[in-house]
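Since the structure comes first, as structure tokens, the remarks are kept for the end.
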Amino acid sequence: MPDTILVIVEQREGKLNRVSWETVTAGQAIAAATGWILEAAVVGASAASVAAEVAAKKVAKVYAIESPKLEPYTPDAFAAALKQVLAAKPPKLVLMPHTYQVRDFVPKLATAMGRTVISDCIAFKHENGKLVFTRQMFQGKLAADVSFGSAAPWFVTFQNGSFRGDKAESGDSAAPVDSVQVDIAEGVIRNKPQEVFKEAKQAVDLTQAEIIVSVGRGIKEQKNIEIAKQLAEALGGDLAASRPICDSGWLPMDRQIGSSGQTVAPKLYLALGISGAIQHIVGMKGSRTIIAVNKDSEAPIFEIADYAIVGNLFDIVPPLIEELKKAKAGG
Amino acid sequence: MNKAAFPLAAAARLYFKVFPWLFKVTGQGVSLKILVCMKQVPQKDAPLKLNETGAWIREDVSYEVNEPDAYALEEALRQKEKHTGEVVVITSGPARSQQVLREALAKGADRAIHLEDNAFVGLDAFNTAKAFAAAIKDEKFDLIFTGLQSDDYGYAQTGVILAELLGWPHATIIMHIEKTEGGIRVKRELEAGFFQFVDMPLPAVLTIQSGINKLRYATLIGIKQAKNKPLRKVALAEVQSAIGENLQKIERLYIPQKTKKTEHIEGSPAEIAKKLVDKLRNELRVL
């Protein structure tokens, strides 16, 4: 019997989180490389409709893992439910998207099973029959190929954007859906989650912006935000920032780009003094053109930049604003 | 009532004024004993080089405290100031990593625990959590804070694993903490600007998001006082029996292959400005 790969997709209130398709694509690629069988699972109070959606893809089977206690989400219930299912029929490999929800429960699940998670991976390699997973380290400055030293199941989470969700292959016919009712004992769930909410309505929608000038730590002081603002105005674009700038209160939170802020894909993304931590990059790597200005020639932002300017932004930006003004005036 | 006739009661009143945390009371004002897990990581802009094993970096770089851990410490200090209690900081790593503990003591932490050995650097999250659990087995904390992830490995796992090893509930990516009647209410950050309040019992483990508060600086007095605060060293041998082989292994470390072709724009700032505007207008057509 060949080994099994299980992709656990993510749903909320009966709606599939689209990033799950990326994990299905990853699972299909690993299945093709190893010859292992690919299955999928949905976890929730009522997982049937999402399970049917996933069953249209090229997978051998879909499990709908259900219990009324899985809604609302708690790490206790998710870990308990999945531990039951995985212990009963352990797959070799369990794949999930590296979402905030997965980060919340998967280390608990793996620990409860005496296993480990290789988290936030961006690729896999299958070399001489051995599977290794590539993940970024030191804020993206280095990459590591990591292997498992434990018995199966092996848990892996993939970073948002590492595989193309739209490349997930459809199956010739719908895969069978197995409904699995799990029993979560009284007292297992200790946290009481309240309603999910959004803080004050977002005033700025950067997802529609065509040009974004974004500032990071390199801007040094709040008063220096002004030159970035002038540059954004000269380009006819919007001003945005990486997380530390918004944390410091130099720009409002609704201008934050990254995993905890907005995800954007403008025609032009001009990054000023942004080093390019993973949490920022996942929010802007889909931009058509990326220009980065940073004094550190090894800043990870240059890995994804189309145009790199290594230098002090305070030297680079003022003449750029002047030149743009001249160009606009018909110079 | 003759006060002198009740010296014990008078002493108790005095102690209550000076050391209120000695007297655990119910409801509001319950004191909190908080452990903060901290890590020393290479400075953000430190140039990194691979060592001869090809699986780790050369360690002759500058280090700093992992940023989310600094916020975790700050939050612990604020909770202690509000509710009284004790803040203990813990780290693992070679002698150099003691700096992180010294800074925390200078900022107001009461004592520190240092799992001191270079071998701790190479542990995976599972073993690091096991070593911490072993080092604190005789302690009784109400809360354990960690930063939400480290800037070196970036596992985002150690806190959650520690909670499971201790059998405690946990919550991740926390932006606010409030003591309640039966435990705590925390604000979890979700993706894309969403949040959620979660009520949970104590003891609990929380992983703290950067930006939850404003960091303080150590004062001169704090730095002076830190020298006299207790720092317990834990040798590898003391926790060795708790840890095992790593469950995951770094096969190799390398500079990532570029997926994009990057064009460098060079020259004086004025030349760069001219070249860039030309590209914006003629190649990218965004002007």
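Just remember, in the structure tokens the first chain shown is A, the second B, etc., residues are 1-based per chain, and ligands are 1-based in the order shown.
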
Distance query B:Ile174 at most 8 Å, only C-alpha atoms, self and fewer than 3 positions along chain excluded, as a ChimeraX atom specification: /B:171,177,186-189,206-209,212

Neighbours of chain B in chain A at 7 Å, counting only C-alpha atoms, as number ranges by chain: A: 100, 104, 107-108, 111-112, 116, 119, 137-139, 141-150, 190-199, 247, 259-262, 303-309, 315-316, 319-320, 323-324

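Ranking B:Pro203, B:Ala235, B:Arg111, B:Leu166 by their shortest atom-to-atom distance to B:Ala129, with only C-alpha atoms included, puts B:Leu166 first.
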
Non-local contacts of B:Asn118 (6 Å; only C-alpha atoms; under 2 positions in same chain excluded) as a PyMOL selection string: chain B and resi 93-94+120-121

Residues near A:Tyr73, cut-off 10 Å, only C-alpha atoms, skip fewer than 2 positions along chain, as a count of residues only: 17

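Take the candidates B:Leu105, B:Ile136, B:Glu238, B:Leu123 and check each one against B:Ala218 using only C-alpha atoms; the shortest distance goes to B:Leu105.
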
Those in stretch 50-274 of chain B with alpha helix (DSSP H) from DSSP, as a ChimeraX atom specification: /B:67-83,98-107,125-135,158-166,220-226,236-239,269-274

Stretch 159-173 of chain A surroundings by only C-alpha atoms, 9 Å radius, close-in-sequence under 3 positions cut, as a VMD selection string: chain A and resid 18 to 26 28 55 to 60 97 to 99 119 to 123 135 282 285 to 286

Atoms kept (C-alpha atoms) for selection, written as a short mmCIF file (atom, residue, chain, number, x, y, z; two decimals), in the first residue's frame:
```cif
data_model
loop_
_atom_site.label_atom_id
_atom_site.label_comp_id
_atom_site.auth_asym_id
_atom_site.auth_seq_id
_atom_site.Cartn_x
_atom_site.Cartn_y
_atom_site.Cartn_z
CA ARG A 18 -9.26 30.04 -0.84
CA VAL A 19 -5.68 29.61 0.35
CA SER A 20 -6.62 25.94 0.84
CA TRP A 21 -6.44 25.44 -2.96
CA GLU A 22 -2.73 26.24 -2.75
CA THR A 23 -2.31 23.39 -0.27
CA VAL A 24 -4.26 21.07 -2.60
CA THR A 25 -1.87 22.03 -5.41
CA ALA A 26 1.09 21.30 -3.12
CA GLN A 28 -0.96 17.04 -5.82
CA ALA A 55 -14.16 16.48 -3.90
CA ALA A 56 -14.28 18.01 -7.37
CA LYS A 57 -10.48 18.24 -7.30
CA LYS A 58 -8.12 15.41 -8.16
CA VAL A 59 -8.07 13.70 -4.75
CA ALA A 60 -8.81 10.07 -3.85
CA PRO A 97 -2.00 26.27 4.87
CA HIS A 98 0.00 28.36 7.37
CA THR A 99 -2.98 30.45 8.45
CA SER A 119 5.93 25.21 9.67
CA ASP A 120 5.65 28.01 7.11
CA CYS A 121 7.28 26.08 4.23
CA ILE A 122 7.59 27.53 0.74
CA ALA A 123 8.53 24.41 -1.26
CA ARG A 135 11.40 27.17 4.82
CA VAL A 282 3.06 37.81 1.79
CA LYS A 285 4.53 39.90 -3.49
CA GLY A 286 1.74 39.79 -6.09
#
```

Distance in Å - atom CA of A:Gly187 versus atom CA of A:Ala80: 11.5 Å

All strand (DSSP E or B) positions in stretch 171-253 of chain B, as a ChimeraX atom specification: /B:171-179,183-189,194-201,204-208,231-235,248-253

Okay, now the selection with C-alpha atoms, as a short mmCIF file (atom, residue, chain, number, x, y, z; two decimals), in the first residue's frame?
```cif
data_model
loop_
_atom_site.label_atom_id
_atom_site.label_comp_id
_atom_site.auth_asym_id
_atom_site.auth_seq_id
_atom_site.Cartn_x
_atom_site.Cartn_y
_atom_site.Cartn_z
CA ALA B 171 -4.30 31.53 22.80
CA THR B 172 -2.09 32.94 20.04
CA ILE B 173 -1.33 36.34 18.50
CA ILE B 174 -2.68 38.31 21.46
CA MET B 175 -3.29 42.06 21.29
CA HIS B 176 -4.96 42.68 24.68
CA ILE B 177 -5.21 40.94 28.06
CA GLU B 178 -7.70 41.61 30.82
CA LYS B 179 -8.11 39.87 34.16
CA GLY B 183 -9.61 33.90 34.45
CA ILE B 184 -8.69 36.24 31.61
CA ARG B 185 -10.22 37.75 28.50
CA VAL B 186 -7.77 38.11 25.60
CA LYS B 187 -8.05 39.74 22.20
CA ARG B 188 -6.77 37.51 19.41
CA GLU B 189 -5.66 39.00 16.14
CA PHE B 194 -10.34 40.79 12.11
CA PHE B 195 -10.19 40.23 15.88
CA GLN B 196 -11.85 38.03 18.46
CA PHE B 197 -12.18 38.12 22.24
CA VAL B 198 -11.62 34.80 23.99
CA ASP B 199 -12.41 34.04 27.64
CA MET B 200 -10.13 31.48 29.19
CA PRO B 201 -9.21 30.05 32.59
CA ALA B 204 -2.68 29.69 30.44
CA VAL B 205 -0.03 30.31 27.78
CA LEU B 206 -0.34 33.35 25.51
CA THR B 207 1.75 34.20 22.46
CA ILE B 208 2.05 37.97 22.21
CA LEU B 231 19.40 34.73 38.14
CA ARG B 232 19.15 30.95 38.32
CA LYS B 233 21.39 29.04 35.94
CA VAL B 234 20.19 25.68 34.70
CA ALA B 235 22.82 23.41 33.18
CA GLN B 248 13.06 17.82 12.69
CA LYS B 249 16.47 18.46 11.25
CA ILE B 250 17.98 21.26 9.19
CA GLU B 251 19.75 19.42 6.36
CA ARG B 252 21.26 22.55 4.90
CA LEU B 253 21.06 26.30 5.13
#
```

Between atom CA of B:Phe141 and atom CA of B:Lys33, distance in Å (one decimal): 5.1 Å

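Nearest-residue note for A:Arg288: choosing from A:Leu131, A:Ile321, A:Ile245, A:Ile211, the minimum distance belongs to A:Ile211, counting only C-alpha atoms.
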
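One finds atom CA of B:Glu86 at 25.6 Å from atom CA of B:Leu236.
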